[in-house]
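Listing of data-v9.txt; format and content: compact mmCIF, C-alpha atoms.
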# COMPACT_ATOMS: atom_id res chain seq x y z
CA LYS A 1 28.29 3.50 7.29
CA ALA A 2 24.71 2.75 6.19
CA SER A 3 22.04 2.54 8.85
CA TRP A 4 19.22 -0.01 8.55
CA SER A 5 16.89 1.71 10.99
CA ASP A 6 13.69 3.66 10.45
CA MET A 7 13.01 1.93 7.16
CA LEU A 8 9.73 0.69 5.74
CA VAL A 9 9.68 -1.05 2.36
CA SER A 10 6.37 -1.77 0.66
CA HIS A 11 5.91 -4.45 -2.02
CA SER A 12 3.03 -4.81 -4.44
CA SER A 13 3.09 -8.61 -4.02
CA VAL A 14 4.67 -11.30 -1.91
CA THR A 15 8.17 -12.34 -3.06
CA GLY A 16 7.97 -14.99 -5.77
CA TYR A 17 4.41 -14.11 -6.83
CA ARG A 18 3.01 -11.86 -9.56
CA SER A 19 1.71 -8.32 -9.41
CA TYR A 20 -1.32 -7.84 -11.59
CA ARG A 21 -2.20 -4.92 -13.79
CA HIS A 22 -5.60 -4.06 -15.24
CA GLU A 23 -5.39 -3.30 -18.96
CA TYR A 24 -6.92 0.18 -18.61
CA ASN A 25 -6.77 1.08 -14.89
CA GLY A 26 -3.16 0.06 -14.19
CA SER A 27 -1.72 -1.98 -11.32
CA TYR A 28 -3.98 -3.28 -8.57
CA TYR A 29 -1.50 -2.01 -5.98
CA VAL A 30 -1.41 1.59 -7.22
CA GLN A 31 -5.20 1.60 -7.63
CA ALA A 32 -5.56 0.39 -4.02
CA MET A 33 -3.14 3.05 -2.75
CA GLU A 34 -5.13 5.76 -4.51
CA GLU A 35 -8.39 4.36 -3.12
CA VAL A 36 -7.17 4.20 0.49
CA PHE A 37 -4.92 7.27 0.65
CA ILE A 38 -6.92 9.72 -1.46
CA LYS A 39 -10.47 8.69 -2.40
CA LYS A 40 -11.45 7.39 1.04
CA GLY A 41 -9.38 10.08 2.78
CA TYR A 42 -7.79 7.76 5.33
CA VAL A 43 -4.39 9.43 4.83
CA LYS A 44 -5.60 12.32 7.00
CA ARG A 45 -6.41 10.17 10.02
CA CYS A 46 -4.40 6.92 9.94
CA ASP A 47 -0.71 6.10 10.35
CA LEU A 48 1.32 4.68 7.46
CA LYS A 49 1.33 1.03 8.60
CA THR A 50 -2.44 1.08 9.05
CA LEU A 51 -2.80 2.60 5.57
CA LEU A 52 -0.61 -0.14 4.07
CA ASP A 53 -2.70 -2.81 5.82
CA MET A 54 -5.81 -1.25 4.27
CA VAL A 55 -4.10 -1.20 0.86
CA SER A 56 -3.33 -4.91 1.25
CA HIS A 57 -7.00 -5.60 1.99
CA GLU A 58 -8.07 -3.58 -1.08
CA VAL A 59 -5.58 -5.43 -3.31
CA GLN A 60 -6.92 -8.79 -2.13
CA ALA A 61 -10.49 -7.68 -2.87
CA MET A 62 -9.59 -6.58 -6.42
CA GLY A 63 -8.38 -9.97 -7.56
CA GLU A 64 -10.42 -12.17 -9.80
CA LYS A 65 -10.61 -15.94 -9.48
CA ASN A 66 -7.26 -16.64 -11.19
CA CYS A 67 -5.56 -13.32 -10.35
CA GLN A 68 -5.24 -13.13 -6.57
CA GLN A 69 -2.56 -10.81 -5.19
CA ASN A 70 -1.36 -9.90 -1.69
CA SER A 71 0.75 -6.82 -0.99
CA THR A 72 3.16 -6.68 1.92
CA TYR A 73 5.66 -4.44 3.67
CA GLU A 74 8.80 -4.86 5.75
CA SER A 75 9.56 -2.70 8.76
CA VAL A 76 13.13 -2.37 10.03
CA GLY A 77 13.38 -0.28 13.18
CA PHE A 78 10.30 1.65 12.08
CA ASN A 79 8.65 1.59 15.49
CA ARG A 80 6.64 4.78 15.77
CA PRO A 81 3.48 5.71 13.93
CA LEU A 82 4.01 8.00 10.94
CA PHE A 83 1.21 10.42 10.07
CA PHE A 84 1.09 12.67 7.00
CA THR A 85 0.15 16.14 8.22
CA LYS A 86 0.50 18.57 5.30
CA PHE A 87 -1.54 18.29 2.14
CA ARG A 88 -1.72 20.30 -1.05
CA LYS A 89 -5.03 21.08 -2.66
Would you mind writing the file's structure down as structure tokens?
Amino acid sequence: KASWSDMLVSHSSVTGYRSYRHEYNGSYYVQAMEEVFIKKGYVKRCDLKTLLDMVSHEVQAMGEKNCQQNSTYESVGFNRPLFFTKFRK
């Protein structure tokens, strides 16, 4: 029997809307994840939901006038903060 607890699903855009991709740099969502998780180093000090909220803010800021995008996530029974503790160099 499948369990629907402790699950977090992240989406690059809101259902029914487009995800945008820069011709050379790739998707706004993946760029924002790299910016928040790695370049700014927040992955070492913030929980996953906070990181995804930051990613959403970055995605919104990347959009141009006609290319606005909002990322989102769903949490099902995912009630405790999740921190990433081990990193490779």
Nearest to A:Thr85 by atom-to-atom distance, counting only C-alpha atoms, from A:Met54, A:Ala61, A:Val43, A:Ala32:
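Checking each of A:Met54, A:Ala61, A:Val43, A:Ala32 against A:Thr85, counting only C-alpha atoms, the winner is A:Val43.
Using only C-alpha atoms, the nearest neighbour of A:Asn70 within the list A:Ile38, A:Cys46, A:Val55, A:Leu8 is A:Val55.
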Here is a test: counting all atoms listed in the file, which residue of A:Phe37, A:His11, A:Asp6, A:Tyr29 is nearest to A:Gln68?
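Selected residue with least distance to A:Gln68: A:Tyr29.
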Contact residues around A:Glu58 with only C-alpha atoms at 12 Å, ignoring same-chain residues under 6 positions, as a PyMOL selection string
chain A and resi 12+28-37+40+51-52+68-71
Best match for closeness to A:Tyr73 among A:Tyr17, A:Ser5, A:Asp53, A:Ser10, counting all atoms listed in the file:
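Nearest to A:Tyr73: A:Ser10.
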Work out how far apart atom CA of A:Tyr20 and atom CA of A:Gln60 are and give it in Å to one decimal.
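Those two atoms sit 11.0 Å apart.
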If you measure from atom CA of A:Gly16 to atom CA of A:Cys67, what distance in Å do you get, rounded to one decimal?
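Distance reported for this atom pair: 14.4 Å.
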